[in-house]
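J.: Here you go, run-v6.tsv (TSV, C-alpha atoms and all ligand atoms):
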```tsv
chain	number	residue	atom	x	y	z
A	241	MET	CA	0.00	0.00	0.00
A	242	GLN	CA	1.64	3.18	-1.22
A	243	LEU	CA	0.92	6.19	0.98
A	244	THR	CA	1.05	9.66	-0.49
A	245	GLN	CA	3.77	12.07	0.58
A	246	GLU	CA	1.01	14.19	2.09
A	247	GLN	CA	-0.10	11.28	4.29
A	248	ILE	CA	3.46	10.54	5.42
A	249	ASP	CA	4.05	14.25	6.16
A	250	HIS	CA	0.79	14.37	8.10
A	251	PHE	CA	1.92	11.52	10.36
A	252	GLN	CA	5.39	12.97	10.82
A	253	THR	CA	4.23	16.49	11.69
A	254	GLU	CA	0.86	15.89	13.38
A	255	GLY	CA	1.73	12.54	14.99
A	256	TRP	CA	-1.27	10.69	13.60
A	257	LEU	CA	-2.93	9.65	10.35
A	258	ALA	CA	-6.37	8.18	9.59
A	259	LEU	CA	-7.02	5.88	6.61
A	260	PRO	CA	-10.75	5.23	6.30
A	261	ASP	CA	-10.71	2.20	3.92
A	262	PHE	CA	-7.81	0.13	5.15
A	263	TRP	CA	-9.46	-3.27	5.74
A	264	THR	CA	-12.02	-4.96	3.49
A	265	GLU	CA	-15.52	-5.87	4.60
A	266	ARG	CA	-14.49	-9.56	4.79
A	267	GLU	CA	-11.48	-8.76	6.95
A	268	ILE	CA	-13.66	-6.78	9.34
A	269	GLN	CA	-16.30	-9.53	9.46
A	270	ALA	CA	-13.55	-12.01	10.31
A	271	MET	CA	-12.16	-9.71	13.05
A	272	ARG	CA	-15.62	-9.48	14.60
A	273	ALA	CA	-16.11	-13.25	14.43
A	274	GLU	CA	-12.73	-13.95	16.00
A	275	LEU	CA	-13.35	-11.41	18.75
A	276	GLU	CA	-16.69	-13.06	19.44
A	277	ARG	CA	-14.89	-16.38	19.81
A	278	LEU	CA	-12.32	-14.89	22.21
A	279	VAL	CA	-15.08	-13.26	24.28
A	280	GLY	CA	-17.01	-16.54	24.25
A	281	ILE	CA	-14.08	-18.48	25.72
A	282	GLY	CA	-13.56	-15.82	28.38
A	283	LYS	CA	-10.26	-14.36	27.19
A	284	LEU	CA	-11.18	-10.68	27.62
A	285	ARG	CA	-10.95	-9.12	31.07
A	286	ASN	CA	-12.73	-6.10	32.49
A	287	ILE	CA	-10.03	-3.65	33.54
A	288	ALA	CA	-12.51	-0.89	34.60
A	289	THR	CA	-12.72	-0.14	38.31
A	290	ASP	CA	-15.18	1.83	40.41
A	291	GLY	CA	-12.72	4.71	40.56
A	292	ASP	CA	-10.33	3.41	43.21
A	293	GLY	CA	-7.97	1.71	40.77
A	294	THR	CA	-8.61	-1.72	42.29
A	295	THR	CA	-12.28	-2.71	42.77
A	296	HIS	CA	-13.51	-4.11	39.46
A	297	SER	CA	-16.67	-2.38	38.32
A	298	GLN	CA	-19.85	-4.39	37.97
A	299	THR	CA	-21.50	-1.69	35.86
A	300	GLN	CA	-18.73	-0.29	33.64
A	301	PHE	CA	-16.79	-2.45	31.22
A	302	ASN	CA	-13.55	-1.89	29.38
A	303	LEU	CA	-12.78	-5.39	28.15
A	304	GLN	CA	-9.23	-6.04	27.09
A	305	LEU	CA	-6.90	-8.79	25.94
A	306	CYS	CA	-3.19	-8.01	25.68
A	307	PRO	CA	-1.47	-9.64	23.88
A	308	MET	CA	-3.94	-11.29	21.52
A	309	SER	CA	-1.60	-13.29	19.26
A	310	PRO	CA	-0.86	-16.15	21.71
A	311	HIS	CA	-4.59	-16.86	21.81
A	312	SER	CA	-5.46	-16.54	18.15
A	313	ASP	CA	-3.82	-17.74	14.93
A	314	PHE	CA	-5.95	-15.14	13.17
A	315	PHE	CA	-4.67	-12.16	15.17
A	316	ARG	CA	-1.15	-13.58	15.07
A	317	ALA	CA	-1.32	-13.30	11.27
A	318	MET	CA	-2.80	-9.77	11.21
A	319	PRO	CA	0.49	-7.80	11.50
A	320	PHE	CA	1.86	-9.93	8.65
A	321	ALA	CA	-0.89	-8.74	6.26
A	322	PRO	CA	1.28	-7.19	3.51
A	323	LYS	CA	-0.45	-3.79	3.58
A	324	VAL	CA	0.30	-3.41	7.29
A	325	ALA	CA	4.09	-3.56	7.12
A	326	GLU	CA	4.07	-1.59	3.86
A	327	ALA	CA	2.14	1.29	5.40
A	328	VAL	CA	3.96	1.21	8.74
A	329	GLY	CA	7.39	1.11	7.05
A	330	GLN	CA	6.62	4.33	5.18
A	331	LEU	CA	5.63	6.07	8.43
A	332	ILE	CA	8.35	4.96	10.87
A	333	GLY	CA	11.03	3.63	8.49
A	334	GLU	CA	12.33	0.12	7.81
A	335	PRO	CA	12.95	-2.45	9.22
A	336	VAL	CA	9.60	-2.81	10.98
A	337	VAL	CA	9.33	-4.84	14.19
A	338	PHE	CA	6.01	-5.96	15.66
A	339	HIS	CA	5.92	-4.89	19.31
A	340	LEU	CA	2.53	-5.75	20.84
A	341	ASP	CA	-1.17	-6.24	20.15
A	342	GLN	CA	-4.26	-5.49	22.17
A	343	VAL	CA	-8.04	-5.28	21.91
A	344	PHE	CA	-10.33	-2.77	23.66
A	345	LEU	CA	-13.99	-3.75	23.66
A	346	LYS	CA	-16.65	-1.42	25.04
A	347	PRO	CA	-20.12	-2.97	25.33
A	348	GLY	CA	-23.14	-0.80	24.46
A	349	ARG	CA	-24.24	1.59	27.24
A	350	HIS	CA	-21.81	0.13	29.78
A	351	GLY	CA	-18.53	0.57	27.92
A	352	SER	CA	-16.12	2.92	29.60
A	353	GLY	CA	-13.37	4.84	27.86
A	354	THR	CA	-9.59	4.68	28.11
A	355	ASN	CA	-8.19	7.81	29.71
A	356	TRP	CA	-5.51	10.06	28.21
A	357	HIS	CA	-2.06	8.56	27.85
A	358	GLN	CA	0.97	8.45	25.61
A	359	ASP	CA	1.90	4.89	24.66
A	360	ASP	CA	5.51	5.86	25.15
A	361	ALA	CA	4.86	6.34	28.87
A	362	TYR	CA	4.73	2.53	28.87
A	363	PHE	CA	7.02	1.73	25.94
A	364	LYS	CA	9.82	4.26	26.46
A	365	ILE	CA	11.46	4.22	23.03
A	366	GLU	CA	14.12	6.82	22.27
A	367	ASP	CA	12.39	8.49	19.34
A	368	PRO	CA	8.61	8.71	19.91
A	369	LEU	CA	7.99	9.07	16.17
A	370	LYS	CA	9.66	5.73	15.41
A	371	GLY	CA	6.90	3.71	17.02
A	372	THR	CA	3.28	3.70	15.95
A	373	ALA	CA	-0.01	2.14	16.86
A	374	LEU	CA	-2.24	0.94	14.07
A	375	TRP	CA	-5.67	1.20	15.67
A	376	THR	CA	-8.44	-0.54	13.75
A	377	ALA	CA	-12.08	0.48	14.06
A	378	VAL	CA	-13.71	-2.95	14.18
A	379	HIS	CA	-17.05	-1.15	14.41
A	380	ASP	CA	-17.86	2.39	13.26
A	381	ALA	CA	-16.03	4.68	15.68
A	382	THR	CA	-18.23	7.70	16.36
A	383	LEU	CA	-18.54	10.54	18.84
A	384	ALA	CA	-21.49	8.66	20.38
A	385	ASN	CA	-19.49	5.52	21.09
A	386	GLY	CA	-16.49	7.43	22.35
A	387	THR	CA	-14.17	7.37	19.38
A	388	LEU	CA	-10.44	7.97	19.64
A	389	ARG	CA	-9.28	11.51	20.35
A	390	VAL	CA	-5.70	12.60	19.72
A	391	VAL	CA	-3.69	15.69	20.56
A	392	PRO	CA	-1.71	16.58	17.43
A	393	ARG	CA	1.91	17.79	17.35
A	394	MET	CA	2.62	16.79	20.94
A	395	PHE	CA	4.55	13.59	20.40
A	396	ARG	CA	7.89	15.06	21.47
A	397	GLU	CA	6.58	16.30	24.83
A	398	LYS	CA	6.84	13.79	27.68
A	399	LEU	CA	3.74	14.38	29.80
A	400	PRO	CA	3.77	13.29	33.45
A	401	HIS	CA	1.67	10.16	34.01
A	402	GLU	CA	0.06	8.86	37.17
A	403	ARG	CA	-2.06	5.81	38.07
A	404	ASP	CA	-5.48	5.98	36.42
A	405	PRO	CA	-8.05	5.34	39.17
A	406	GLN	CA	-10.60	4.16	36.61
A	407	SER	CA	-8.52	1.17	35.57
A	408	ASP	CA	-6.82	-1.65	37.43
A	409	HIS	CA	-3.40	-1.00	35.90
A	410	HIS	CA	-3.35	1.91	33.46
A	411	ILE	CA	-1.55	5.18	33.89
A	412	ARG	CA	-2.90	8.47	32.59
A	413	CYS	CA	-1.89	12.05	31.82
A	414	TYR	CA	-3.76	15.36	31.57
A	415	PRO	CA	-3.08	17.11	28.24
A	416	ASP	CA	-4.88	20.30	27.25
A	417	GLU	CA	-8.09	18.75	25.92
A	418	THR	CA	-9.03	21.89	24.04
A	419	GLN	CA	-6.28	20.90	21.57
A	420	ALA	CA	-7.73	17.40	21.04
A	421	ILE	CA	-9.22	16.18	17.75
A	422	PRO	CA	-11.90	13.45	17.67
A	423	VAL	CA	-11.21	10.97	14.87
A	424	GLU	CA	-14.50	9.50	13.65
A	425	ILE	CA	-13.84	6.59	11.37
A	426	PRO	CA	-16.00	3.88	9.74
A	427	ALA	CA	-15.49	0.19	10.48
A	428	GLY	CA	-12.49	-0.99	8.50
A	429	GLY	CA	-10.69	2.31	8.90
A	430	VAL	CA	-7.48	2.68	10.87
A	431	VAL	CA	-5.71	5.41	12.80
A	432	PHE	CA	-1.93	5.42	13.06
A	433	PHE	CA	-0.64	7.39	16.02
A	434	ALA	CA	2.95	7.82	17.11
A	435	TYR	CA	4.04	6.44	20.49
A	436	GLY	CA	4.34	10.00	21.78
A	437	THR	CA	0.87	11.16	20.71
A	438	PRO	CA	-1.56	11.66	23.62
A	439	HIS	CA	-4.84	9.85	22.96
A	440	ALA	CA	-7.98	8.71	24.75
A	441	THR	CA	-11.37	7.18	24.08
A	442	GLY	CA	-14.72	7.98	25.73
A	443	ALA	CA	-17.66	6.00	27.04
A	444	ASN	CA	-19.87	4.07	24.65
A	445	ASN	CA	-23.28	5.78	24.84
A	446	THR	CA	-24.86	3.69	22.09
A	447	ASP	CA	-26.70	0.35	22.28
A	448	HIS	CA	-24.04	-1.45	20.27
A	449	GLU	CA	-20.63	-2.76	21.25
A	450	ARG	CA	-17.57	-1.11	19.80
A	451	ALA	CA	-14.13	-2.71	19.53
A	452	GLY	CA	-10.74	-1.30	18.63
A	453	VAL	CA	-7.74	-3.50	17.87
A	454	ALA	CA	-4.39	-1.81	18.39
A	455	LEU	CA	-1.24	-3.28	16.83
A	456	HIS	CA	2.02	-1.63	17.84
A	457	PHE	CA	5.15	-1.36	15.71
A	458	ILE	CA	8.64	0.03	16.17
A	459	ASN	CA	11.53	0.69	13.88
A	460	ALA	CA	14.18	-1.98	14.59
A	461	ASP	CA	16.60	0.68	15.86
A	462	GLN	CA	14.24	1.28	18.82
A	463	ASN	CA	14.14	-2.36	19.91
A	464	GLY	CA	16.90	-1.86	22.47
A	465	THR	CA	14.95	0.62	24.59
A	466	ALA	CA	11.34	-0.49	23.92
A	467	GLN	CA	9.73	-1.83	27.09
A	468	VAL	CA	6.71	-4.11	27.50
A	469	GLY	CA	5.43	-6.12	24.52
A	470	PHE	CA	6.79	-9.34	23.16
A	471	ASP	CA	10.11	-10.68	24.39
A	472	GLN	CA	12.73	-8.21	23.22
A	473	ASN	CA	14.88	-10.91	21.58
A	474	ASN	CA	11.95	-12.50	19.87
A	475	ARG	CA	9.80	-9.66	18.58
A	476	PRO	CA	8.57	-10.52	15.10
A	477	ILE	CA	10.70	-8.76	12.47
A	478	LEU	CA	8.35	-7.94	9.60
A	479	THR	CA	10.61	-6.35	7.01
A	480	GLY	CA	14.27	-6.11	6.05
A	481	ALA	CA	17.08	-8.64	5.72
A	482	GLU	CA	16.33	-10.35	9.06
A	483	ALA	CA	12.63	-10.93	8.41
A	484	THR	CA	11.74	-14.63	8.22
A	485	GLY	CA	7.98	-14.36	7.80
A	486	GLY	CA	7.45	-15.50	11.37
A	487	VAL	CA	9.60	-18.67	11.21
A	488	ARG	CA	12.28	-17.37	13.60
A	489	GLU	CA	9.76	-16.09	16.15
A	490	TYR	CA	6.93	-18.62	15.89
A	491	GLY	CA	8.57	-21.65	14.30
A	492	VAL	CA	6.11	-21.55	11.42
A	493	GLN	CA	5.60	-19.43	8.32
A	494	ILE	CA	3.01	-16.73	9.08
A	495	ALA	CA	3.65	-14.27	6.22
A	496	GLY	CA	1.35	-15.09	3.33
A	497	THR	CA	-1.37	-16.66	5.51
A	498	TRP	CA	-3.56	-13.63	6.28
A	499	GLU	CA	-6.15	-14.19	3.52
A	500	GLN	CA	-6.31	-17.86	4.43
A	501	GLN	CA	-6.92	-16.91	8.08
A	502	VAL	CA	-9.70	-14.51	7.09
A	503	GLU	CA	-11.46	-17.24	5.08
A	504	ARG	CA	-10.90	-19.87	7.79
A	505	VAL	CA	-12.51	-17.67	10.46
A	506	LEU	CA	-15.42	-16.70	8.19
A	507	HIS	CA	-16.10	-20.34	7.33
A	508	SER	CA	-15.93	-21.53	10.92
A	509	LYS	CA	-18.67	-19.08	11.99
A	601	LIG	O1	-9.71	1.68	21.88
A	601	LIG	C1	-9.61	2.17	22.99
A	601	LIG	O2	-10.57	2.26	23.75
A	601	LIG	C2	-8.31	2.71	23.51
A	601	LIG	C3	-7.18	2.66	22.54
A	601	LIG	C4	-5.90	3.05	23.20
A	601	LIG	O3	-5.88	3.79	24.12
A	601	LIG	C5	-4.64	2.53	22.69
A	601	LIG	O4	-4.62	1.83	21.67
A	601	LIG	O5	-3.60	2.81	23.34
```
Give the structure from the file, written as structure tokens.
Ligand SMILES: O=C(O)CCC(=O)C(=O)O
T.:
Amino acid sequence: MQLTQEQIDHFQTEGWLALPDFWTEREIQAMRAELERLVGIGKLRNIATDGDGTTHSQTQFNLQLCPMSPHSDFFRAMPFAPKVAEAVGQLIGEPVVFHLDQVFLKPGRHGSGTNWHQDDAYFKIEDPLKGTALWTAVHDATLANGTLRVVPRMFREKLPHERDPQSDHHIRCYPDETQAIPVEIPAGGVVFFAYGTPHATGANNTDHERAGVALHFINADQNGTAQVGFDQNNRPILTGAEATGGVREYGVQIAGTWEQQVERVLHSK
């Protein structure tokens, strides 16, 4: 997937970029089906608390699974979809390393948001523009269901973070929200945002669930400092001379299997 120079410049100056038609309808249907399976077997966990950072809420739900790939051949293949590494490589430079994956599911009416944070407050890479999330709107992401908000041009500023009392483990910061931009995006669209870009989502005030899948990528030259995520010595290398299509990291060939995974999941529904 060839990005335009304008799109690359947008990411590198604003710290984020939205692409509304990234995934096909079939890919999105398969993501929904696979998420339903993971929910059905109890893999997602409510991380929302009643505001004390510890007591799990019985009324508010922010369901998460991190990482997803060990639990799903489908999601393990997703970062190897050719258009993913192609797009990410143009934004953060080659070689591209897969760092972590995560799902955020907010049920209708009871889904709580994820408070403001910079991913780099967790990940701590040296250059906050050389790591990016690729956040997929698995359902339409709207103002009503608390779509992603980002603060542009702030990725170089390290904001102080403290424990988020609305979650059992997150940290949060307090950027100037008047500078924030809501990014409404249809299902199948994606938002790239640099590790330094402050972002948040709001509560889901609709009757329908809304899920976001966030894949995280770094340029290989940031692997030394990047915290959290897959084992530092075994993070999947997606592009460049050392890429093995997943064989080195998983012992099997993953590159080239994405379409097969999409069809497998759709047919097992
Ligand atoms: O989808 C969400 O609710 C939160 C996304 C997010 O904060 C992230 O990907 O870091």
J.: Each residue of chain A with at least one atom at most 7 Å from ligand LIG 601 (chain A) should appear once, together with its nearest atom pair and the corresponding distance in Å (one decimal); atoms considered: only C-alpha atoms and all ligand atoms; ordering: chain, then increasing residue number; output as CSV.
T.:
```
residue,atom,partner,partner_atom,distance
A:Phe344,CA,A:LIG601,O1,4.8
A:Leu345,CA,A:LIG601,O2,6.9
A:Gly353,CA,A:LIG601,O2,5.6
A:Thr354,CA,A:LIG601,O2,5.1
A:Asp359,CA,A:LIG601,O5,6.0
A:Ala373,CA,A:LIG601,O4,6.7
A:Trp375,CA,A:LIG601,O4,6.1
A:Leu388,CA,A:LIG601,O1,6.7
A:His439,CA,A:LIG601,O3,6.3
A:Ala440,CA,A:LIG601,O3,5.4
A:Thr441,CA,A:LIG601,O2,5.0
A:Ala451,CA,A:LIG601,O1,6.7
A:Gly452,CA,A:LIG601,O1,4.5
A:Val453,CA,A:LIG601,O1,6.8
A:Ala454,CA,A:LIG601,O4,4.9
```
J.: So the first atom is atom CA of A:Leu374 and the second is atom CA of A:Gly485; what is the distance between them in Å, to one decimal place?
T.: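 Spanning atom CA of A:Leu374 to atom CA of A:Gly485 is a straight-line distance of 19.4 Å.
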J.: For A:Asn355, which residue among A:Val430, A:Met308, A:Ala288, A:Val502 is the nearest when counting all atoms listed in the file?
T.: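 Answer, going by the shortest atom-to-atom distance: A:Ala288.
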J.: Enter the distance from atom CA of A:Gln406 to atom CA of A:Val343, in Å, rounded to one decimal.
T.: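 For atom CA of A:Gln406 relative to atom CA of A:Val343, the distance reads 17.7 Å.
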J.: So which residues touch stretch 247-251 of chain A within 9 Å, counting all atoms listed in the file, skipping near sequence neighbours fewer than 3 positions away, as a ChimeraX atom specification?
T.: /A:243-244,254-258,330-331,369,432-434
J.: Which polymer residues, whether protein, DNA or RNA, lie within 12 Å of the coordinate (-9.5, -12.3, 24.7) when you count all atoms listed in the file? List them as a PyMOL selection string, using the chain letters and numbers from the file.
T.: chain A and resi 274-286+303-312+315+341-345+451+453
J.: Could you give me, as a list in words, the residues that sit within 10 Å of (0.2, -3.7, 9.1) in the file's coordinates, counting all atoms listed in the file?
T.: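 Returned residue set, sorted by chain then number, is Met241, Phe262, Ala317, Met318, Pro319, Phe320, Ala321, Pro322, Lys323, Val324, Ala325, Glu326, Ala327, Val328, Gly329, Val336, Phe338, Ala373, Leu374, Leu455, His456, Phe457 and Leu478 of chain A.
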J.: Identify which of the residues A:His379, A:Arg396, A:Lys370, A:Arg412 lies closest to A:Pro426, counting only C-alpha atoms when measuring atom-to-atom distances.
T.: A:His379
J.: In Å to one decimal, how far is atom CA of A:Ile477 from atom CA of A:Ile494?
T.: 11.6 Å
J.: Given the choices A:Pro260, A:Gly293, A:Pro392, A:Gly491, which gets closest to A:Ala427 if the distance is worked out from all atoms listed in the file?
T.: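 For A:Ala427, the nearest of the given residues is A:Pro260.
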J.: If we count only C-alpha atoms, what is near A:Thr289 at a cut-off of 9 Å, once residues fewer than 2 positions away on the same chain are taken out, given as a VMD selection string?
T.: chain A and resid 286 to 287 291 to 298 300 to 301 405 to 408
J.: Next, the residues of the selection above should be written as a CSV table (one decimal), in the coordinates of the input with C-alpha atoms.
T.:
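Saved file out.csv follows:
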```
chain,number,residue,atom,x,y,z
A,286,ASN,CA,-12.7,-6.1,32.5
A,287,ILE,CA,-10.0,-3.6,33.5
A,291,GLY,CA,-12.7,4.7,40.6
A,292,ASP,CA,-10.3,3.4,43.2
A,293,GLY,CA,-8.0,1.7,40.8
A,294,THR,CA,-8.6,-1.7,42.3
A,295,THR,CA,-12.3,-2.7,42.8
A,296,HIS,CA,-13.5,-4.1,39.5
A,297,SER,CA,-16.7,-2.4,38.3
A,298,GLN,CA,-19.8,-4.4,38.0
A,300,GLN,CA,-18.7,-0.3,33.6
A,301,PHE,CA,-16.8,-2.4,31.2
A,405,PRO,CA,-8.0,5.3,39.2
A,406,GLN,CA,-10.6,4.2,36.6
A,407,SER,CA,-8.5,1.2,35.6
A,408,ASP,CA,-6.8,-1.6,37.4
```
J.: With distances taken over all atoms listed in the file, which of A:Glu449, A:Asp461, A:Asp290, A:Asp471 is nearest to A:Val378?
T.: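 The closest residue to A:Val378 is A:Glu449.
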J.: Can you work out which one of A:Thr299, A:Gln245, A:Gln269, A:Gln467 has the shortest atom-to-atom distance to A:His507, counting all atoms listed in the file?
T.: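 Under the stated criterion, the closest residue is A:Gln269.
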J.: Could you get me a file of stretch 267-300 of chain A with N, CA and C atoms, as a PDB file, in the first residue's frame, taken from the block above?
T.:
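The resulting file, decode.pdb, is shown below:
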```
ATOM      1  N   GLU A 267     -12.471  -8.787   5.857  1.00  0.00           N
ATOM      2  CA  GLU A 267     -11.477  -8.759   6.946  1.00  0.00           C
ATOM      3  C   GLU A 267     -12.128  -8.292   8.247  1.00  0.00           C
ATOM      4  N   ILE A 268     -12.990  -7.299   8.137  1.00  0.00           N
ATOM      5  CA  ILE A 268     -13.661  -6.783   9.337  1.00  0.00           C
ATOM      6  C   ILE A 268     -14.643  -7.808   9.891  1.00  0.00           C
ATOM      7  N   GLN A 269     -15.368  -8.484   8.982  1.00  0.00           N
ATOM      8  CA  GLN A 269     -16.299  -9.531   9.456  1.00  0.00           C
ATOM      9  C   GLN A 269     -15.524 -10.611  10.201  1.00  0.00           C
ATOM     10  N   ALA A 270     -14.359 -10.963   9.669  1.00  0.00           N
ATOM     11  CA  ALA A 270     -13.548 -12.006  10.313  1.00  0.00           C
ATOM     12  C   ALA A 270     -13.027 -11.514  11.668  1.00  0.00           C
ATOM     13  N   MET A 271     -12.619 -10.249  11.757  1.00  0.00           N
ATOM     14  CA  MET A 271     -12.159  -9.706  13.052  1.00  0.00           C
ATOM     15  C   MET A 271     -13.277  -9.795  14.084  1.00  0.00           C
ATOM     16  N   ARG A 272     -14.486  -9.431  13.659  1.00  0.00           N
ATOM     17  CA  ARG A 272     -15.617  -9.475  14.602  1.00  0.00           C
ATOM     18  C   ARG A 272     -15.881 -10.916  15.051  1.00  0.00           C
ATOM     19  N   ALA A 273     -15.834 -11.843  14.084  1.00  0.00           N
ATOM     20  CA  ALA A 273     -16.114 -13.249  14.426  1.00  0.00           C
ATOM     21  C   ALA A 273     -15.043 -13.784  15.390  1.00  0.00           C
ATOM     22  N   GLU A 274     -13.806 -13.437  15.134  1.00  0.00           N
ATOM     23  CA  GLU A 274     -12.732 -13.954  15.997  1.00  0.00           C
ATOM     24  C   GLU A 274     -12.809 -13.317  17.387  1.00  0.00           C
ATOM     25  N   LEU A 275     -13.184 -12.049  17.436  1.00  0.00           N
ATOM     26  CA  LEU A 275     -13.346 -11.409  18.754  1.00  0.00           C
ATOM     27  C   LEU A 275     -14.486 -12.071  19.519  1.00  0.00           C
ATOM     28  N   GLU A 276     -15.551 -12.389  18.796  1.00  0.00           N
ATOM     29  CA  GLU A 276     -16.690 -13.061  19.443  1.00  0.00           C
ATOM     30  C   GLU A 276     -16.239 -14.392  20.038  1.00  0.00           C
ATOM     31  N   ARG A 277     -15.399 -15.093  19.301  1.00  0.00           N
ATOM     32  CA  ARG A 277     -14.889 -16.377  19.812  1.00  0.00           C
ATOM     33  C   ARG A 277     -14.057 -16.150  21.083  1.00  0.00           C
ATOM     34  N   LEU A 278     -13.182 -15.143  21.044  1.00  0.00           N
ATOM     35  CA  LEU A 278     -12.315 -14.888  22.214  1.00  0.00           C
ATOM     36  C   LEU A 278     -13.144 -14.463  23.427  1.00  0.00           C
ATOM     37  N   VAL A 279     -14.189 -13.658  23.181  1.00  0.00           N
ATOM     38  CA  VAL A 279     -15.082 -13.263  24.283  1.00  0.00           C
ATOM     39  C   VAL A 279     -15.782 -14.514  24.815  1.00  0.00           C
ATOM     40  N   GLY A 280     -16.260 -15.336  23.887  1.00  0.00           N
ATOM     41  CA  GLY A 280     -17.008 -16.545  24.250  1.00  0.00           C
ATOM     42  C   GLY A 280     -16.203 -17.495  25.118  1.00  0.00           C
ATOM     43  N   ILE A 281     -14.894 -17.564  24.907  1.00  0.00           N
ATOM     44  CA  ILE A 281     -14.079 -18.479  25.724  1.00  0.00           C
ATOM     45  C   ILE A 281     -13.441 -17.737  26.902  1.00  0.00           C
ATOM     46  N   GLY A 282     -13.943 -16.526  27.148  1.00  0.00           N
ATOM     47  CA  GLY A 282     -13.564 -15.818  28.380  1.00  0.00           C
ATOM     48  C   GLY A 282     -12.175 -15.216  28.384  1.00  0.00           C
ATOM     49  N   LYS A 283     -11.638 -14.884  27.217  1.00  0.00           N
ATOM     50  CA  LYS A 283     -10.259 -14.356  27.190  1.00  0.00           C
ATOM     51  C   LYS A 283     -10.172 -12.863  27.515  1.00  0.00           C
ATOM     52  N   LEU A 284     -11.285 -12.114  27.347  1.00  0.00           N
ATOM     53  CA  LEU A 284     -11.182 -10.678  27.621  1.00  0.00           C
ATOM     54  C   LEU A 284     -11.504 -10.415  29.084  1.00  0.00           C
ATOM     55  N   ARG A 285     -10.866  -9.401  29.626  1.00  0.00           N
ATOM     56  CA  ARG A 285     -10.955  -9.124  31.067  1.00  0.00           C
ATOM     57  C   ARG A 285     -11.401  -7.686  31.255  1.00  0.00           C
ATOM     58  N   ASN A 286     -12.302  -7.470  32.222  1.00  0.00           N
ATOM     59  CA  ASN A 286     -12.734  -6.098  32.493  1.00  0.00           C
ATOM     60  C   ASN A 286     -11.681  -5.394  33.346  1.00  0.00           C
ATOM     61  N   ILE A 287     -11.084  -4.354  32.789  1.00  0.00           N
ATOM     62  CA  ILE A 287     -10.034  -3.649  33.542  1.00  0.00           C
ATOM     63  C   ILE A 287     -10.598  -2.378  34.215  1.00  0.00           C
ATOM     64  N   ALA A 288     -11.921  -2.108  34.009  1.00  0.00           N
ATOM     65  CA  ALA A 288     -12.514  -0.894  34.605  1.00  0.00           C
ATOM     66  C   ALA A 288     -12.732  -1.099  36.104  1.00  0.00           C
ATOM     67  N   THR A 289     -12.475  -0.073  36.872  1.00  0.00           N
ATOM     68  CA  THR A 289     -12.721  -0.143  38.315  1.00  0.00           C
ATOM     69  C   THR A 289     -13.747   0.928  38.694  1.00  0.00           C
ATOM     70  N   ASP A 290     -14.186   0.855  39.951  1.00  0.00           N
ATOM     71  CA  ASP A 290     -15.177   1.830  40.413  1.00  0.00           C
ATOM     72  C   ASP A 290     -14.546   3.180  40.754  1.00  0.00           C
ATOM     73  N   GLY A 291     -13.337   3.403  40.349  1.00  0.00           N
ATOM     74  CA  GLY A 291     -12.719   4.709  40.560  1.00  0.00           C
ATOM     75  C   GLY A 291     -11.633   4.685  41.623  1.00  0.00           C
ATOM     76  N   ASP A 292     -11.385   3.490  42.199  1.00  0.00           N
ATOM     77  CA  ASP A 292     -10.333   3.410  43.211  1.00  0.00           C
ATOM     78  C   ASP A 292      -9.100   2.677  42.678  1.00  0.00           C
ATOM     79  N   GLY A 293      -9.139   2.348  41.375  1.00  0.00           N
ATOM     80  CA  GLY A 293      -7.969   1.705  40.771  1.00  0.00           C
ATOM     81  C   GLY A 293      -7.849   0.226  41.090  1.00  0.00           C
ATOM     82  N   THR A 294      -8.735  -0.303  41.929  1.00  0.00           N
ATOM     83  CA  THR A 294      -8.611  -1.725  42.286  1.00  0.00           C
ATOM     84  C   THR A 294      -9.924  -2.513  42.212  1.00  0.00           C
ATOM     85  N   THR A 295     -11.028  -1.935  42.709  1.00  0.00           N
ATOM     86  CA  THR A 295     -12.281  -2.706  42.767  1.00  0.00           C
ATOM     87  C   THR A 295     -12.913  -2.779  41.379  1.00  0.00           C
ATOM     88  N   HIS A 296     -12.992  -3.989  40.827  1.00  0.00           N
ATOM     89  CA  HIS A 296     -13.513  -4.110  39.462  1.00  0.00           C
ATOM     90  C   HIS A 296     -14.982  -3.722  39.403  1.00  0.00           C
ATOM     91  N   SER A 297     -15.307  -2.889  38.432  1.00  0.00           N
ATOM     92  CA  SER A 297     -16.667  -2.382  38.323  1.00  0.00           C
ATOM     93  C   SER A 297     -17.624  -3.472  37.864  1.00  0.00           C
ATOM     94  N   GLN A 298     -18.807  -3.451  38.407  1.00  0.00           N
ATOM     95  CA  GLN A 298     -19.851  -4.389  37.974  1.00  0.00           C
ATOM     96  C   GLN A 298     -20.766  -3.708  36.962  1.00  0.00           C
ATOM     97  N   THR A 299     -20.581  -2.429  36.747  1.00  0.00           N
ATOM     98  CA  THR A 299     -21.501  -1.689  35.864  1.00  0.00           C
ATOM     99  C   THR A 299     -20.795  -1.079  34.646  1.00  0.00           C
ATOM    100  N   GLN A 300     -19.489  -0.871  34.745  1.00  0.00           N
ATOM    101  CA  GLN A 300     -18.730  -0.290  33.642  1.00  0.00           C
ATOM    102  C   GLN A 300     -17.742  -1.317  33.120  1.00  0.00           C
TER     103      GLN A 300
END
```
